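A.B. asks: Sharing data-v1.txt, compact mmCIF, C-alpha atoms and all ligand atoms:
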# COMPACT_ATOMS: atom_id res chain seq x y z
CA MET U 108 79.17 90.93 65.23
CA MET U 109 77.40 93.20 67.69
CA ILE U 110 77.42 95.96 65.08
CA PRO U 111 75.65 94.63 61.96
CA GLN U 112 77.11 97.41 59.77
CA LEU U 113 80.57 95.87 60.24
CA SER U 114 79.38 93.18 57.82
CA ASN U 115 78.75 95.76 55.09
CA THR U 116 80.55 94.93 51.84
CA SER U 117 82.65 98.11 52.11
CA VAL U 118 84.17 97.00 55.44
CA CYS U 119 87.58 95.30 55.62
CA MET U 120 89.43 94.40 58.81
CA LYS U 121 92.74 92.67 59.30
CA ASP U 122 91.82 91.55 62.81
CA PRO U 123 88.07 91.59 63.54
CA ASP U 124 88.60 90.06 67.00
CA ARG U 125 90.81 92.93 68.03
CA VAL U 126 88.23 95.41 66.74
CA ARG U 127 85.59 93.66 68.83
CA ASP U 128 87.78 93.77 71.95
CA ILE U 129 88.44 97.49 71.52
CA LEU U 130 84.75 98.20 70.97
CA VAL U 131 83.69 96.20 74.03
CA SER U 132 86.25 97.87 76.20
CA MET U 133 85.27 101.34 74.95
CA GLN U 134 81.58 100.64 75.45
CA LYS U 135 82.20 99.43 79.01
CA ALA U 136 84.13 102.59 79.81
CA GLY U 137 81.11 104.65 78.79
CA SER U 138 80.57 107.47 76.34
CA ASN U 139 81.66 110.06 78.92
CA THR U 140 85.22 108.72 78.39
CA LEU U 141 85.05 109.05 74.60
CA GLN U 142 86.42 111.68 72.24
CA VAL U 143 86.23 111.66 68.46
CA ILE U 144 89.05 112.98 66.27
CA SER U 145 88.34 113.28 62.58
CA ASP U 146 90.03 114.51 59.44
CA PHE U 147 87.84 116.70 57.21
CA ASP U 148 88.58 116.47 53.48
CA MET U 149 87.58 113.13 52.00
CA THR U 150 86.74 111.83 55.49
CA LEU U 151 83.75 113.92 56.59
CA THR U 152 83.26 115.08 53.01
CA ARG U 153 82.56 112.85 50.04
CA PHE U 154 85.24 111.76 47.61
CA ALA U 155 82.87 111.57 44.64
CA PHE U 156 79.24 112.20 43.80
CA ASN U 157 77.51 111.02 40.61
CA GLY U 158 80.87 109.93 39.23
CA LYS U 159 82.44 113.35 39.75
CA ARG U 160 85.17 114.17 42.26
CA CYS U 161 84.08 116.37 45.15
CA PRO U 162 86.20 119.35 46.19
CA THR U 163 88.57 119.63 49.15
CA CYS U 164 88.62 122.91 51.15
CA HIS U 165 91.38 124.15 48.86
CA ASN U 166 89.49 123.08 45.72
CA ILE U 167 86.41 125.03 46.89
CA LEU U 168 88.48 128.20 46.55
CA ASP U 169 90.44 127.00 43.49
CA ASN U 170 87.21 126.45 41.54
CA SER U 171 85.56 129.66 42.67
CA ARG U 172 85.10 133.03 41.03
CA LEU U 173 87.51 134.53 43.56
CA ILE U 174 90.43 133.11 41.56
CA SER U 175 91.64 134.40 38.19
CA ASP U 176 91.75 131.99 35.23
CA GLU U 177 95.52 132.14 35.16
CA CYS U 178 95.77 131.27 38.84
CA LYS U 179 93.25 128.45 38.38
CA LEU U 180 95.57 126.89 35.82
CA GLN U 181 98.52 127.17 38.16
CA LEU U 182 96.59 125.60 41.04
CA LYS U 183 95.41 122.80 38.75
CA GLU U 184 99.00 122.17 37.71
CA LEU U 185 100.01 121.90 41.36
CA LEU U 186 97.19 119.42 41.98
CA ASN U 187 98.18 117.34 38.96
CA THR U 188 101.79 117.29 40.12
CA TYR U 189 101.41 116.68 43.83
CA TYR U 190 98.18 114.70 44.33
CA PRO U 191 99.63 111.60 42.59
CA ILE U 192 102.59 111.89 44.96
CA GLU U 193 100.26 112.18 47.98
CA ILE U 194 98.60 108.85 47.16
CA ASP U 195 101.69 107.04 45.81
CA CYS U 196 102.33 104.17 48.19
CA SER U 197 105.61 103.25 46.52
CA ARG U 198 107.23 106.35 48.06
CA SER U 199 108.03 106.68 51.74
CA VAL U 200 106.64 109.43 53.98
CA GLU U 201 110.19 110.80 54.34
CA GLU U 202 110.40 111.16 50.59
CA LYS U 203 106.93 112.71 50.28
CA LEU U 204 107.09 115.11 53.21
CA PRO U 205 109.18 117.91 51.64
CA LEU U 206 107.10 117.66 48.47
CA MET U 207 103.88 118.07 50.44
CA VAL U 208 105.30 121.14 52.20
CA GLU U 209 106.13 122.47 48.74
CA TRP U 210 102.55 121.88 47.54
CA TRP U 211 100.94 123.62 50.51
CA THR U 212 103.41 126.50 50.43
CA LYS U 213 102.97 127.16 46.71
CA ALA U 214 99.17 126.84 46.88
CA HIS U 215 98.93 129.25 49.82
CA GLU U 216 101.19 131.76 48.05
CA LEU U 217 98.94 131.67 45.00
CA LEU U 218 95.79 132.09 47.13
CA ILE U 219 97.31 135.07 48.93
CA GLU U 220 98.08 136.75 45.57
CA GLN U 221 94.37 136.58 44.74
CA LYS U 222 93.39 139.06 47.46
CA ILE U 223 90.51 136.90 48.63
CA LYS U 224 87.87 138.76 50.65
CA LYS U 225 86.71 137.28 53.95
CA ASP U 226 83.09 138.21 53.33
CA ALA U 227 83.04 136.32 50.00
CA LEU U 228 83.74 132.95 51.60
CA ALA U 229 80.19 132.12 52.64
CA LEU U 230 78.87 132.60 49.11
CA VAL U 231 81.72 130.66 47.53
CA VAL U 232 81.03 127.71 49.84
CA ARG U 233 77.30 127.92 49.11
CA GLU U 234 77.96 127.84 45.36
CA SER U 235 80.47 124.98 45.58
CA ASP U 236 80.03 121.24 45.12
CA ALA U 237 81.23 120.55 48.67
CA ARG U 238 79.29 117.64 50.14
CA LEU U 239 79.42 116.09 53.55
CA ARG U 240 79.04 112.30 53.52
CA ASP U 241 75.55 110.85 53.84
CA GLY U 242 74.70 110.43 57.51
CA TYR U 243 76.57 113.58 58.54
CA LYS U 244 73.58 114.98 60.38
CA PHE U 245 73.25 112.00 62.68
CA PHE U 246 77.03 112.00 63.20
CA PHE U 247 77.27 115.62 64.32
CA ASP U 248 73.92 115.79 66.13
CA HIS U 249 74.38 112.55 68.05
CA LEU U 250 77.87 113.47 69.28
CA HIS U 251 76.50 116.83 70.36
CA GLU U 252 73.49 115.32 72.15
CA HIS U 253 75.82 113.02 74.07
CA SER U 254 78.32 115.82 74.81
CA ILE U 255 81.12 113.91 73.09
CA PRO U 256 83.87 116.27 71.93
CA LEU U 257 84.62 116.20 68.22
CA LEU U 258 87.97 117.49 67.06
CA ILE U 259 88.18 118.18 63.34
CA PHE U 260 91.87 118.09 62.46
CA SER U 261 92.42 119.28 58.93
CA ALA U 262 95.26 120.21 56.63
CA GLY U 263 92.61 122.06 54.62
CA ILE U 264 91.48 125.62 55.38
CA GLY U 265 89.75 126.27 58.70
CA ASP U 266 87.67 129.23 57.51
CA VAL U 267 86.31 127.17 54.60
CA LEU U 268 85.56 124.01 56.53
CA GLU U 269 83.84 125.95 59.31
CA GLU U 270 81.63 127.53 56.69
CA VAL U 271 80.77 124.11 55.21
CA ILE U 272 79.62 122.74 58.56
CA ARG U 273 77.92 126.00 59.56
CA GLN U 274 75.87 126.00 56.34
CA ALA U 275 74.98 122.35 56.97
CA GLY U 276 73.68 123.39 60.41
CA VAL U 277 76.01 121.10 62.35
CA PHE U 278 78.69 123.41 63.77
CA HIS U 279 77.68 122.56 67.34
CA SER U 280 79.36 123.64 70.57
CA ASN U 281 81.16 120.28 71.02
CA VAL U 282 83.19 120.84 67.82
CA ASN U 283 86.78 122.08 67.88
CA VAL U 284 88.88 122.66 64.78
CA PHE U 285 92.65 122.49 64.24
CA SER U 286 93.43 123.70 60.75
CA ASN U 287 95.08 126.37 58.61
CA TYR U 288 93.28 129.64 59.28
CA MET U 289 93.39 132.66 57.03
CA ASP U 290 94.78 135.93 58.28
CA PHE U 291 92.89 138.94 56.91
CA ASP U 292 94.08 142.56 56.94
CA GLU U 293 91.95 145.41 58.30
CA LEU U 294 90.06 145.58 54.99
CA GLY U 295 89.17 141.91 55.21
CA VAL U 296 91.61 140.83 52.48
CA LEU U 297 93.65 137.62 52.81
CA GLN U 298 97.26 138.51 53.59
CA ALA U 299 98.70 135.31 55.07
CA PHE U 300 97.89 132.08 56.86
CA LYS U 301 98.10 132.02 60.64
CA GLY U 302 100.41 129.93 62.78
CA GLU U 303 102.28 126.78 61.85
CA LEU U 304 101.34 125.22 58.54
CA ILE U 305 99.41 121.95 58.86
CA HIS U 306 100.00 119.66 55.91
CA ILE U 307 99.12 116.07 55.36
CA TYR U 308 102.17 114.60 57.13
CA ASN U 309 102.70 116.82 60.17
CA LYS U 310 99.51 116.18 62.13
CA ARG U 311 101.66 114.74 64.91
CA GLU U 312 103.45 118.09 65.34
CA GLY U 313 100.11 119.90 65.05
CA ALA U 314 98.68 117.73 67.82
CA LEU U 315 101.65 118.32 70.09
CA LEU U 316 101.30 122.10 69.67
CA ASN U 317 97.80 121.88 71.13
CA THR U 318 98.48 120.28 74.49
CA GLY U 319 95.92 122.56 76.17
CA HIS U 320 93.07 121.02 74.22
CA PHE U 321 94.09 117.49 75.04
CA ARG U 322 94.71 118.34 78.69
CA GLU U 323 91.09 119.51 78.95
CA LEU U 324 89.97 116.17 77.56
CA ARG U 325 92.19 114.14 79.89
CA ALA U 326 89.15 112.38 81.35
CA ARG U 327 88.39 110.97 77.89
CA PRO U 328 91.10 108.39 77.19
CA ASN U 329 89.08 106.49 74.57
CA VAL U 330 89.39 107.71 71.02
CA LEU U 331 87.50 107.08 67.81
CA LEU U 332 89.73 108.30 64.97
CA LEU U 333 88.47 108.85 61.42
CA GLY U 334 90.75 109.57 58.49
CA ASP U 335 91.48 108.91 54.85
CA SER U 336 95.22 109.33 54.57
CA LEU U 337 98.06 107.67 56.42
CA GLY U 338 99.02 111.06 57.85
CA ASP U 339 95.71 111.09 59.71
CA LEU U 340 96.89 108.22 61.91
CA ASN U 341 98.94 110.73 63.92
CA MET U 342 96.00 113.02 64.78
CA ALA U 343 95.63 111.43 68.23
CA ASP U 344 99.32 111.71 69.15
CA GLY U 345 98.53 114.47 71.64
CA VAL U 346 95.90 112.49 73.56
CA GLN U 347 96.87 112.11 77.21
CA ASP U 348 96.72 108.77 79.03
CA MET U 349 95.15 107.04 76.03
CA GLU U 350 93.40 103.79 76.87
CA ASN U 351 91.81 102.62 73.63
CA ILE U 352 91.88 103.90 70.11
CA LEU U 353 89.79 102.62 67.23
CA LYS U 354 91.04 103.82 63.85
CA VAL U 355 88.61 103.93 60.95
CA GLY U 356 90.04 104.75 57.52
CA PHE U 357 88.28 105.62 54.28
CA LEU U 358 90.10 104.17 51.29
CA ASN U 359 88.76 106.23 48.40
CA ASP U 360 91.32 106.08 45.62
CA LYS U 361 93.95 103.64 44.28
CA VAL U 362 92.21 100.92 46.24
CA GLU U 363 94.09 97.86 45.05
CA GLU U 364 97.58 99.32 45.46
CA ARG U 365 96.88 100.70 48.92
CA ARG U 366 94.56 98.07 50.39
CA GLN U 367 97.22 96.14 52.33
CA THR U 368 98.90 99.26 53.72
CA TYR U 369 95.52 100.55 54.92
CA LEU U 370 94.62 97.20 56.47
CA ASP U 371 97.94 97.21 58.31
CA SER U 372 97.42 100.77 59.61
CA TYR U 373 93.68 101.21 60.22
CA ASP U 374 91.59 98.84 62.38
CA ILE U 375 88.62 99.23 60.05
CA VAL U 376 89.02 100.14 56.39
CA LEU U 377 86.00 101.43 54.45
CA ILE U 378 86.49 100.84 50.76
CA LYS U 379 84.79 103.26 48.37
CA ASP U 380 82.15 103.92 51.01
CA GLU U 381 80.69 107.41 50.58
CA THR U 382 78.64 107.26 53.78
CA LEU U 383 79.14 107.69 57.51
CA ASP U 384 77.01 104.59 58.15
CA VAL U 385 79.78 102.59 59.81
CA PRO U 386 81.12 105.41 62.03
CA ASN U 387 77.51 106.20 62.98
CA ALA U 388 76.82 102.58 63.92
CA ILE U 389 79.96 102.58 66.07
CA ILE U 390 78.91 105.80 67.80
CA ARG U 391 75.43 104.39 68.37
CA PHE U 392 76.96 101.28 69.92
CA LEU U 393 79.35 103.27 72.11
CA THR U 394 76.53 105.45 73.41
CA GLY U 395 74.52 102.40 74.37
CA GLN U 396 71.99 102.50 71.55
CA GLN U 397 71.63 99.68 69.07
P1 LIG U 401 93.44 116.52 55.00
O1 LIG U 401 92.28 115.80 54.40
O2 LIG U 401 94.41 115.62 55.66
O3 LIG U 401 92.98 117.60 55.92
O4 LIG U 401 94.27 117.15 53.81
C1 LIG U 401 93.81 118.10 52.95
C2 LIG U 401 93.67 117.64 51.55
O5 LIG U 401 93.72 118.80 50.73
C3 LIG U 401 94.73 116.70 51.01
O6 LIG U 401 94.12 115.51 50.56
C4 LIG U 401 95.31 117.42 49.81
C5 LIG U 401 94.30 118.47 49.50
N1 LIG U 401 94.83 119.70 48.88
C6 LIG U 401 94.17 120.18 47.76
O7 LIG U 401 93.20 119.59 47.29
N2 LIG U 401 94.64 121.35 47.17
C7 LIG U 401 95.71 122.03 47.66
O8 LIG U 401 96.10 123.07 47.10
C8 LIG U 401 96.37 121.51 48.82
C9 LIG U 401 97.56 122.24 49.38
C10 LIG U 401 95.89 120.36 49.40
MG MG U 402 91.64 113.89 54.17
So, in terms of C-alpha cells, how does the structure I just supplied come out?
C.D. replies:
Amino acid sequence: MMIPQLSNTSVCMKDPDRVRDILVSMQKAGSNTLQVISDFDMTLTRFAFNGKRCPTCHNILDNSRLISDECKLQLKELLNTYYPIEIDCSRSVEEKLPLMVEWWTKAHELLIEQKIKKDALALVVRESDARLRDGYKFFFDHLHEHSIPLLIFSAGIGDVLEEVIRQAGVFHSNVNVFSNYMDFDELGVLQAFKGELIHIYNKREGALLNTGHFRELRARPNVLLLGDSLGDLNMADGVQDMENILKVGFLNDKVEERRQTYLDSYDIVLIKDETLDVPNAIIRFLTGQQ
C-alpha cells in the first residue's frame, strides 16, 4: 500500500483495491480539488481516555456546574435510555429516527431550563474532560496550510465545539461549522436553540439546507469524509458535482455487532483507534507529502 498506515492493526477495509483507486484518483486531481467533511463528537474527539469515556458536546454541559443535580439525573436518564438505541444495529434508522428526535428535544428543553450563561461556556469547556484525538494539531494545521476547507458537521452544540477547538488553538479560517447553536437573550442567558435541529439521522437534510456553502466549494468535487455513526454518511449529500468520496469511519463501541455494517458502509473502518493517524496519513498523501 502507498500509505503504510493503512496496514495498522486498527484498519479494516472491505475492498482495499477500491480504496486505492479512489486515493489515486483524488491525489491526481490535486489537493486544490479536495474538501474535508467531518463529524465532531467521537470522530474528532476521543471516545475514551485511560479507560474512561470522554464527553460529547452535550455531556460537557451535562457534567458541568451549570446544571443542577436534579437536572443532571434527568439528563443521565435520557442518555441511558437513548444511547443504547443510537448504537443498536438491530433496529432500522426509520425506527430510531423519531426516538433520536425525542432525545435531542428533551435534552435541549432541560438545558434551556437551566438558564445557562453564554460567558460561562469557555470555563466549562476548560474544566471538562473533552479531548481531541491524538494528531489533531497536524490534522487542523495541515488542512489550513494547504487551504483545504474543513466542514465540521455536528449534531452536538456549535457553541461548545467551537470553544473546544478554539482552546486547542486550531479554529483556523478554513473551518466551517454546521451544528446546533444556542440562542441567548439580551442578558446572555440561553433561551432556545437556533434554526432547524440537527440530530444524528438528519444530516442529509442539514446538508441540503446549506446549499450556499457547497456552491462555494463547487470547484472541490473530491471529498474526504470522517464519521463515527451511520448518520454521518449523509454529511456530503449537499456536495455539488461530486467526483470521488472516501469515507473513513471510527468504530468505537459495540465493535463485534456493528463491524459488518460499518465495513459495508465506510470504505475504511478504524476499530477502537483513538488517533487521527490514518486520516492524517491520507491527508499527507493527498497533499503530495509522504
Ligand atoms: P454527532 O457526533 O453525530 O455530531 O452526534 C452527537 C452525539 O451527541 C451523538 O453521539 C449523541 C450525543 N448526545 C449526547 O451525548 N447527549 C445528548 O443529550 C444528546 C442529545 C446527544
Ligand atoms: Mg459522532
A.B. asks: To one decimal in Å, tell me the separation between CA of Leu370 in chain U and CA of Glu193 in chain U.
C.D. replies: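 Pair CA of Leu370 in chain U / CA of Glu193 in chain U returns 18.1 Å.
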A.B. asks: Between CA of Arg366 in chain U and CA of Lys121 in chain U, what distance in Å does the model show, to one decimal?
C.D. replies: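 These two atoms are separated by 10.6 Å.
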A.B. asks: Residues within 7 Å of ligand MG 402 (chain U) (only C-alpha atoms and all ligand atoms), as a count of residues only?
C.D. replies: 8
A.B. asks: For Phe278 in chain U, which of U:His253, U:Lys244, U:Arg311, U:Lys159 is the closest residue, counting all atoms listed in the file?
C.D. replies: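 Between U:His253, U:Lys244, U:Arg311, U:Lys159, the residue approaching Phe278 in chain U most closely is U:Lys244.
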A.B. asks: Please produce, as JSON lines, a per-residue contact table for chain U versus ligand LIG 401 (chain U) (criterion: any atom at most 6 Å away, all atoms listed in the file considered), showing the nearest atom pair and its distance in Å to one decimal, sorted by chain then residue number.
C.D. replies:
{"residue": "U:Asp146", "atom": "CA", "partner": "U:LIG401", "partner_atom": "O3", "distance": 5.5}
{"residue": "U:Phe147", "atom": "CA", "partner": "U:LIG401", "partner_atom": "O1", "distance": 5.3}
{"residue": "U:Asp148", "atom": "CA", "partner": "U:LIG401", "partner_atom": "O1", "distance": 3.9}
{"residue": "U:Met149", "atom": "CA", "partner": "U:LIG401", "partner_atom": "O1", "distance": 5.9}
{"residue": "U:Thr163", "atom": "CA", "partner": "U:LIG401", "partner_atom": "O7", "distance": 5.0}
{"residue": "U:His165", "atom": "CA", "partner": "U:LIG401", "partner_atom": "N2", "distance": 4.6}
{"residue": "U:Asn166", "atom": "CA", "partner": "U:LIG401", "partner_atom": "O7", "distance": 5.3}
{"residue": "U:Trp210", "atom": "CA", "partner": "U:LIG401", "partner_atom": "C9", "distance": 5.3}
{"residue": "U:Trp211", "atom": "CA", "partner": "U:LIG401", "partner_atom": "C9", "distance": 3.8}
{"residue": "U:Ala214", "atom": "CA", "partner": "U:LIG401", "partner_atom": "O8", "distance": 4.9}
{"residue": "U:Ser261", "atom": "CA", "partner": "U:LIG401", "partner_atom": "O3", "distance": 3.5}
{"residue": "U:Ala262", "atom": "CA", "partner": "U:LIG401", "partner_atom": "O3", "distance": 3.5}
{"residue": "U:Gly263", "atom": "CA", "partner": "U:LIG401", "partner_atom": "C1", "distance": 4.5}
{"residue": "U:Ile307", "atom": "CA", "partner": "U:LIG401", "partner_atom": "O2", "distance": 4.7}
A.B. asks: Between U:Gly242, U:Leu393, U:Leu340, U:Leu294, which is the closest to Asp226 in chain U once you count only C-alpha atoms?
C.D. replies: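 Of U:Gly242, U:Leu393, U:Leu340, U:Leu294, the one nearest Asp226 in chain U is U:Leu294, counting only C-alpha atoms.
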A.B. asks: CA of Asp371 in chain U and CA of Arg125 in chain U, how far apart in Å?
C.D. replies: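 Distance between the two atoms: 12.8 Å.
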A.B. asks: Output as lines of an AutoDock Vina configuration file the centre and edge lengths (Å, one decimal) of the box along x, y and z of the file that holds every listed atom of range 363-373 of chain U after adding 3 Å on each side.
C.D. replies:
center_x = 96.3
center_y = 98.7
center_z = 52.6
size_x = 11.2
size_y = 11.1
size_z = 21.2
A.B. asks: What's around Ile259 in chain U at 8 Å? Count only C-alpha atoms, leave out sequence neighbours fewer than 5 positions away in its own chain, and write the answer as a ChimeraX atom specification.
C.D. replies: /U:144-147,282-285
A.B. asks: Using C-alpha atoms, can you export the residues from the last selection as a PDB file, keeping the file's coordinate frame?
C.D. replies:
ATOM      1  CA  ILE U 144      89.050 112.980  66.270  1.00  0.00           C
ATOM      2  CA  SER U 145      88.340 113.280  62.580  1.00  0.00           C
ATOM      3  CA  ASP U 146      90.030 114.510  59.440  1.00  0.00           C
ATOM      4  CA  PHE U 147      87.840 116.700  57.210  1.00  0.00           C
ATOM      5  CA  VAL U 282      83.190 120.840  67.820  1.00  0.00           C
ATOM      6  CA  ASN U 283      86.780 122.080  67.880  1.00  0.00           C
ATOM      7  CA  VAL U 284      88.880 122.660  64.780  1.00  0.00           C
ATOM      8  CA  PHE U 285      92.650 122.490  64.240  1.00  0.00           C
TER       9      PHE U 285
END
